[in-house]
$ cat target_31.cif   # mmCIF, C-alpha atoms
data_model
loop_
_atom_site.label_atom_id
_atom_site.label_comp_id
_atom_site.auth_asym_id
_atom_site.auth_seq_id
_atom_site.Cartn_x
_atom_site.Cartn_y
_atom_site.Cartn_z
CA MET A 1483 63.90 93.36 -96.39
CA ASN A 1484 63.16 91.24 -99.46
CA ARG A 1485 62.60 87.51 -98.93
CA THR A 1486 62.69 84.38 -101.08
CA ALA A 1487 60.02 81.73 -100.52
CA PHE A 1488 60.03 78.02 -101.30
CA TYR A 1489 57.92 74.95 -100.48
CA VAL A 1490 58.82 71.58 -99.01
CA ASN A 1491 56.45 68.64 -98.51
CA TYR A 1492 57.00 65.33 -96.74
CA LYS A 1493 54.16 63.02 -95.69
CA ASP A 1494 51.59 65.40 -94.18
CA THR A 1495 54.13 68.12 -93.34
CA ASP A 1496 53.48 70.95 -95.81
CA LEU A 1497 55.91 73.83 -95.39
CA CYS A 1498 56.10 77.30 -96.89
CA ILE A 1499 59.40 78.90 -95.93
CA ALA A 1500 60.66 82.42 -96.60
CA VAL A 1501 64.16 83.66 -95.82
CA ASP A 1502 65.93 86.93 -96.50
CA GLU A 1503 67.37 87.10 -100.02
CA GLN A 1504 70.94 87.43 -98.78
CA SER A 1505 70.67 84.14 -96.87
CA TYR A 1506 68.93 82.11 -99.56
CA ARG A 1507 70.86 79.51 -101.54
CA ASP A 1508 69.74 76.87 -103.99
CA THR A 1509 70.63 74.03 -101.61
CA LEU A 1510 68.16 75.15 -98.91
CA PRO A 1511 65.06 73.26 -100.14
CA GLN A 1512 66.94 69.96 -100.22
CA ALA A 1513 68.51 70.64 -96.81
CA VAL A 1514 65.05 71.29 -95.37
CA LEU A 1515 63.70 68.09 -96.91
CA VAL A 1516 66.54 66.02 -95.42
CA PHE A 1517 66.02 67.52 -91.96
CA ILE A 1518 62.23 67.15 -91.98
CA ARG A 1519 62.47 63.59 -93.29
CA HIS A 1520 64.81 62.58 -90.46
CA LEU A 1521 62.64 64.31 -87.87
CA ARG A 1522 59.33 62.91 -89.11
CA ASP A 1523 60.60 59.35 -89.63
CA SER A 1524 62.20 59.35 -86.18
CA LEU A 1525 59.01 60.68 -84.60
CA ASP A 1526 56.97 58.00 -86.37
CA ARG A 1527 59.31 55.31 -85.06
CA TYR A 1528 59.06 56.68 -81.53
CA ILE A 1529 55.25 56.85 -81.44
CA ALA A 1530 55.08 53.29 -82.76
CA THR A 1531 56.61 52.32 -79.39
CA ASP A 1532 54.52 54.78 -77.35
CA LYS A 1533 51.10 54.89 -78.97
CA THR A 1534 49.52 56.83 -76.11
CA TYR A 1535 51.78 59.78 -76.91
CA ALA A 1536 50.30 59.97 -80.41
CA THR A 1537 46.63 59.52 -79.46
CA THR A 1538 46.00 61.07 -76.06
CA LEU A 1539 44.03 64.32 -75.93
CA THR A 1540 45.15 65.11 -72.39
CA PRO A 1541 48.58 65.99 -70.92
CA TYR A 1542 51.08 63.14 -71.17
CA LYS A 1543 54.82 62.67 -70.67
CA PRO A 1544 56.86 60.54 -73.11
CA SER A 1545 58.08 57.23 -71.76
CA LEU A 1546 61.81 57.12 -71.08
CA GLN A 1547 62.67 53.63 -72.29
CA PRO A 1548 61.86 54.16 -76.00
CA LEU A 1549 63.80 57.43 -75.95
CA ALA A 1550 66.98 55.50 -75.21
CA THR A 1551 66.69 53.74 -78.57
CA LEU A 1552 66.27 56.85 -80.73
CA ASP A 1553 69.92 57.48 -81.54
CA SER A 1554 70.57 53.89 -82.62
CA PHE A 1555 67.39 53.91 -84.69
CA VAL A 1556 68.27 57.16 -86.44
CA ALA A 1557 71.81 56.00 -87.20
CA SER A 1558 70.65 52.68 -88.69
CA ARG A 1559 67.67 54.10 -90.56
CA HIS A 1560 69.56 56.79 -92.45
CA THR A 1561 72.89 55.23 -93.40
CA GLN A 1562 72.68 56.65 -96.96
CA CYS A 1563 71.83 60.15 -95.79
CA PRO A 1564 73.18 60.80 -92.27
CA PRO A 1565 71.16 62.94 -89.84
CA PRO A 1566 72.22 66.58 -89.67
CA GLN A 1567 74.47 67.68 -86.82
CA GLY A 1568 75.12 65.67 -83.73
CA ARG A 1569 72.90 63.32 -81.78
CA PHE A 1570 69.56 63.53 -83.53
CA GLY A 1571 67.93 61.24 -80.99
CA GLU A 1572 68.77 63.63 -78.16
CA MET A 1573 67.23 66.49 -80.12
CA LEU A 1574 64.06 64.46 -80.72
CA ALA A 1575 63.87 63.58 -77.03
CA SER A 1576 64.00 67.28 -76.18
CA ILE A 1577 61.26 67.99 -78.74
CA LEU A 1578 59.02 65.26 -77.33
CA HIS A 1579 59.33 66.66 -73.81
CA HIS A 1580 58.76 70.23 -75.04
CA MET A 1581 55.59 69.12 -76.84
CA SER A 1582 54.41 67.45 -73.63
CA ASP A 1583 55.12 70.56 -71.56
CA ALA A 1584 53.25 72.80 -74.02
CA GLY A 1585 50.29 70.43 -74.06
CA ALA A 1586 50.22 70.26 -70.27
CA GLN A 1587 50.18 74.05 -69.95
CA ALA A 1588 47.40 74.40 -72.55
CA GLY A 1589 45.45 71.35 -71.38
CA THR A 1590 45.91 69.22 -74.50
CA GLY A 1591 47.81 66.15 -75.57
CA PRO A 1592 51.39 66.64 -76.79
CA MET A 1593 50.55 66.18 -80.48
CA ALA A 1594 48.62 69.46 -80.40
CA ALA A 1595 52.05 71.11 -80.55
CA ILE A 1596 53.57 69.03 -83.35
CA ALA A 1597 53.49 71.67 -86.12
CA GLY A 1598 54.99 74.25 -83.80
CA ALA A 1599 57.66 71.75 -82.75
CA PHE A 1600 58.68 71.03 -86.34
CA ASN A 1601 58.77 74.76 -87.12
CA LYS A 1602 60.98 75.58 -84.15
CA ALA A 1603 63.39 72.70 -84.70
CA LEU A 1604 63.74 73.52 -88.38
CA ALA A 1605 64.19 77.25 -87.77
CA GLU A 1606 66.93 76.63 -85.21
CA HIS A 1607 68.68 74.18 -87.52
CA LEU A 1608 68.63 76.60 -90.47
CA LYS A 1609 69.70 79.61 -88.43
CA ASN A 1610 72.57 77.72 -86.80
CA THR A 1611 73.74 75.91 -89.93
CA TYR A 1612 73.27 78.59 -92.60
CA ASN A 1613 73.40 81.81 -90.55
CA ILE A 1614 69.99 82.88 -91.86
CA GLN A 1615 69.04 86.38 -90.74
CA GLU A 1616 65.25 86.31 -91.30
CA ILE A 1617 62.94 83.33 -91.52
CA VAL A 1618 59.21 82.59 -91.63
CA ILE A 1619 58.00 78.98 -91.58
CA GLU A 1620 54.31 78.25 -92.17
CA ASN A 1621 53.13 74.71 -91.51
CA GLY A 1622 49.39 74.09 -91.87
CA GLY A 1623 48.42 77.49 -90.48
CA ASP A 1624 51.05 77.52 -87.74
CA ILE A 1625 53.88 80.02 -88.11
CA TYR A 1626 57.31 80.54 -86.64
CA ALA A 1627 58.62 84.01 -87.51
CA ASP A 1628 61.91 85.74 -86.79
CA LEU A 1629 61.94 89.04 -88.68
CA HIS A 1630 63.62 92.44 -88.64
CA ASP A 1631 60.56 94.37 -89.87
CA ASP A 1632 57.02 94.86 -88.61
CA PHE A 1633 54.78 92.00 -89.73
CA ASN A 1634 51.12 92.30 -90.76
CA ILE A 1635 49.13 89.09 -90.57
CA ALA A 1636 45.48 88.52 -91.43
CA VAL A 1637 43.46 85.62 -90.06
CA TYR A 1638 42.11 83.00 -92.45
CA ALA A 1639 38.71 82.02 -91.02
CA ASN A 1640 37.16 79.74 -93.64
CA GLN A 1641 33.66 80.93 -94.64
CA SER A 1642 33.43 83.69 -92.04
CA PRO A 1643 32.87 87.14 -93.60
CA LEU A 1644 35.80 88.27 -91.45
CA SER A 1645 38.25 85.88 -93.12
CA ARG A 1646 41.42 87.66 -94.28
CA LYS A 1647 39.84 91.02 -93.36
CA VAL A 1648 41.06 91.24 -89.77
CA GLY A 1649 44.37 90.55 -88.09
CA ILE A 1650 47.21 92.21 -86.22
CA GLN A 1651 50.50 94.02 -86.78
CA ILE A 1652 53.48 92.67 -84.84
CA PRO A 1653 56.40 95.06 -84.31
CA ALA A 1654 59.86 93.94 -85.32
CA THR A 1655 61.12 94.25 -81.74
CA ASP A 1656 58.89 91.36 -80.60
CA PHE A 1657 60.36 88.60 -82.77
CA PRO A 1658 60.94 85.66 -82.72
CA LEU A 1659 57.37 84.48 -82.12
CA GLY A 1660 54.91 81.69 -82.76
CA ILE A 1661 51.64 82.63 -84.50
CA CYS A 1662 49.34 79.61 -84.65
CA THR A 1663 45.78 79.15 -85.86
CA SER A 1664 43.27 76.38 -85.22
CA SER A 1665 39.84 75.88 -86.78
CA GLY A 1666 36.90 73.58 -86.26
CA THR A 1667 35.45 74.29 -89.71
CA CYS A 1668 38.44 73.80 -92.01
CA GLY A 1669 41.75 72.00 -92.18
CA HIS A 1670 42.75 68.43 -91.33
CA SER A 1671 43.48 68.90 -87.61
CA PHE A 1672 41.06 67.37 -85.11
CA SER A 1673 38.97 69.85 -83.12
CA PHE A 1674 36.13 69.49 -80.63
CA GLY A 1675 34.99 73.03 -81.44
CA LYS A 1676 33.36 74.88 -84.30
CA ALA A 1677 35.37 78.08 -84.35
CA ASP A 1678 36.18 79.42 -87.80
CA ALA A 1679 39.57 80.48 -86.45
CA VAL A 1680 41.48 80.96 -83.23
CA MET A 1681 44.85 82.63 -83.70
CA ILE A 1682 47.26 82.68 -80.76
CA VAL A 1683 50.58 84.51 -80.48
CA CYS A 1684 53.21 83.34 -77.97
CA ARG A 1685 56.95 83.63 -77.74
CA ASP A 1686 57.03 79.81 -77.66
CA VAL A 1687 55.62 78.51 -80.97
CA LEU A 1688 54.81 75.12 -79.40
CA LEU A 1689 52.74 76.81 -76.72
CA ALA A 1690 50.94 78.94 -79.32
CA ASP A 1691 50.13 75.77 -81.27
CA ALA A 1692 48.77 73.91 -78.24
CA TYR A 1693 46.75 76.89 -76.99
CA ALA A 1694 45.22 77.48 -80.42
CA THR A 1695 43.88 73.92 -80.30
CA SER A 1696 42.76 74.13 -76.68
CA ILE A 1697 40.90 77.42 -77.06
CA ALA A 1698 39.31 76.49 -80.39
CA ASN A 1699 37.99 73.31 -78.76
CA ARG A 1700 35.83 75.43 -76.44
CA ILE A 1701 33.95 77.42 -79.08
CA GLN A 1702 30.69 76.00 -80.43
CA THR A 1703 28.58 79.08 -81.24
CA VAL A 1704 29.01 82.84 -81.66
CA ASP A 1705 27.86 83.24 -78.06
CA ASP A 1706 31.02 81.48 -76.89
CA ILE A 1707 33.42 83.94 -78.52
CA GLN A 1708 33.58 86.64 -75.86
CA THR A 1709 32.98 84.20 -73.01
CA VAL A 1710 35.98 82.10 -73.97
CA ALA A 1711 38.12 85.18 -74.66
CA ASP A 1712 37.41 86.43 -71.13
CA THR A 1713 38.85 83.22 -69.66
CA ILE A 1714 42.26 83.63 -71.36
CA THR A 1715 44.54 84.67 -68.51
CA ASP A 1716 47.91 83.04 -69.22
CA ASN A 1717 50.51 85.79 -69.59
CA ASP A 1718 52.39 83.62 -72.11
CA ILE A 1719 49.61 84.41 -74.59
CA LEU A 1720 50.62 87.75 -76.09
CA SER A 1721 47.57 88.06 -78.32
CA ALA A 1722 44.49 86.08 -79.34
CA ILE A 1723 41.84 86.50 -82.02
CA LEU A 1724 38.72 84.33 -81.86
CA ILE A 1725 36.30 84.19 -84.82
CA LYS A 1726 32.99 82.41 -85.31
CA ASP A 1727 30.72 83.44 -88.19
CA ASP A 1728 30.53 87.25 -88.05
CA ARG A 1729 31.62 87.56 -84.41
CA LEU A 1730 35.14 88.38 -83.24
CA ALA A 1731 36.97 88.84 -79.95
CA ILE A 1732 40.54 90.06 -79.56
CA ILE A 1733 42.77 90.31 -76.51
CA GLY A 1734 46.41 91.04 -75.82
CA ARG A 1735 49.11 93.50 -76.74
CA TYR A 1736 48.47 93.84 -80.49
CA PRO A 1737 45.55 95.99 -81.64
CA LEU A 1738 43.12 94.85 -84.31
CA LYS A 1739 44.17 95.63 -87.89
CA ILE A 1740 41.65 95.85 -90.74
CA PHE A 1741 42.68 94.57 -94.17
CA LYS A 1742 40.96 95.72 -97.36
#

$ encode --input "target_31.cif" --output "structure tokens"
Amino acid sequence: MNRTAFYVNYKDTDLCIAVDEQSYRDTLPQAVLVFIRHLRDSLDRYIATDKTYATTLTPYKPSLQPLATLDSFVASRHTQCPPPQGRFGEMLASILHHMSDAGAQAGTGPMAAIAGAFNKALAEHLKNTYNIQEIVIENGGDIYADLHDDFNIAVYANQSPLSRKVGIQIPATDFPLGICTSSGTCGHSFSFGKADAVMIVCRDVLLADAYATSIANRIQTVDDIQTVADTITDNDILSAILIKDDRLAIIGRYPLKIFK
């Protein structure tokens, strides 16, 4: 199926979005911008009242009192451009808890799942509002994909000689999925590790995002690649590729694919 791609940027959210040609319309980029602006501004307002949520590197639950103010904040903040569909504060509260749950399962703070959270919320909004049939959202190396065809994806691994030369093929029957990548040698995200890339595939894109961070944090040298891969036991991880320099480990249901 042919797809149409477009880009939307707001603050440090940098999105590349592709939808099937039949679903695309000229109003989509502006609709995405409005949604992301509401979501990001509301999140910023929340974390101003709960700074630990934004800074902790360990599992953490959002405080309940600030959540009660989100709907009134959103309504007053966006009087010229109302939030899309329903009680936006309730949706943000659900996102904050989902980020916390993903971080707790992966052993990270909730913000490790923020890109995945934005991708999932946006994908659900677009599918529900515009009846989009196929969608891929890429946000700083983290992908939400819901496709009708098999999907080949190569791993970008910075200066590694394996960068863009290895990856996986995901069958159409497995979508929707989250495909998230973390690196200690490129990108703006904080990492304790020095992996060139760790790509994680989960059905839950927030969990894939958090696990990519968690697992990448544990890789310092090429000798850690297989050791860390052997410790990945969570059945929610459908596939993982770990890359450092010229060393690679792969686990899970999708076999390694070589790209020329």

$ residues_around --input "target_31.cif" --residues "Ala1690 in chain A" --least-positions-apart "3" --cutoff "12 Å" --atoms "all atoms listed in the file" --output "number ranges by chain"
A: 1581, 1584-1585, 1587-1588, 1590, 1594-1599, 1601-1602, 1623-1626, 1659-1664, 1680-1687, 1693-1698, 1716-1722

$ atom_distance --input "target_31.cif" --atom1 "CA of Val1501 in chain A" --atom2 "CA of Glu1572 in chain A"
27.1 Å

$ resolve_selection --input "target_31.cif" --expression "the PyMOL selection byres ((chain A and resi 1649) around 10)" --output "list in words"
Asn1634, Ile1635, Ala1636, Val1637, Tyr1638, Leu1644, Ser1645, Arg1646, Lys1647, Val1648, Ile1650, Gln1651, Ile1652, Met1681, Ala1722, Ile1723, Ile1732, Tyr1736, Pro1737, Leu1738, Lys1739, Ile1740 and Phe1741 of chain A

$ residues_around --input "target_31.cif" --residues "Glu1606 in chain A" --least-positions-apart "3" --cutoff "12 Å" --atoms "all atoms listed in the file" --output "list in words"
Val1514, Phe1517, Gln1567, Met1573, Ala1599, Phe1600, Asn1601, Lys1602, Ala1603, Lys1609, Asn1610, Thr1611, Tyr1612, Asn1613, Ile1614, Gln1615, Glu1616, Ile1617, Val1618, Ile1619, Tyr1626, Ala1627, Asp1628 and Pro1658 of chain A

$ atom_distance --input "target_31.cif" --atom1 "CA of Asp1496 in chain A" --atom2 "CA of Thr1537 in chain A"
21.1 Å

$ resolve_selection --input "target_31.cif" --expression "the PyMOL selection byres ((chain A and resi 1525) around 10)" --output "VMD selection string"
chain A and resid 1519 to 1524 1526 to 1530 1536 1552 1571 1574 to 1575 1577 to 1578

$ residues_around --input "target_31.cif" --residues "Asp1705 in chain A" --least-positions-apart "3" --cutoff "9 Å" --atoms "only C-alpha atoms" --output "ChimeraX atom specification"
/A:1701-1702,1708-1709,1726,1729

$ closest_residue --input "target_31.cif" --among "A:Gly1734, A:Pro1511, A:Pro1541, A:Gly1675" --to "Gly1589 in chain A" --atoms "all atoms listed in the file"
A:Pro1541

$ atom_distance --input "target_31.cif" --atom1 "CA of Asp1656 in chain A" --atom2 "CA of Leu1688 in chain A"
16.8 Å

$ closest_residue --input "target_31.cif" --among "A:Leu1608, A:Ala1731, A:Phe1657, A:Lys1543" --to "Thr1509 in chain A" --atoms "all atoms listed in the file"
A:Leu1608
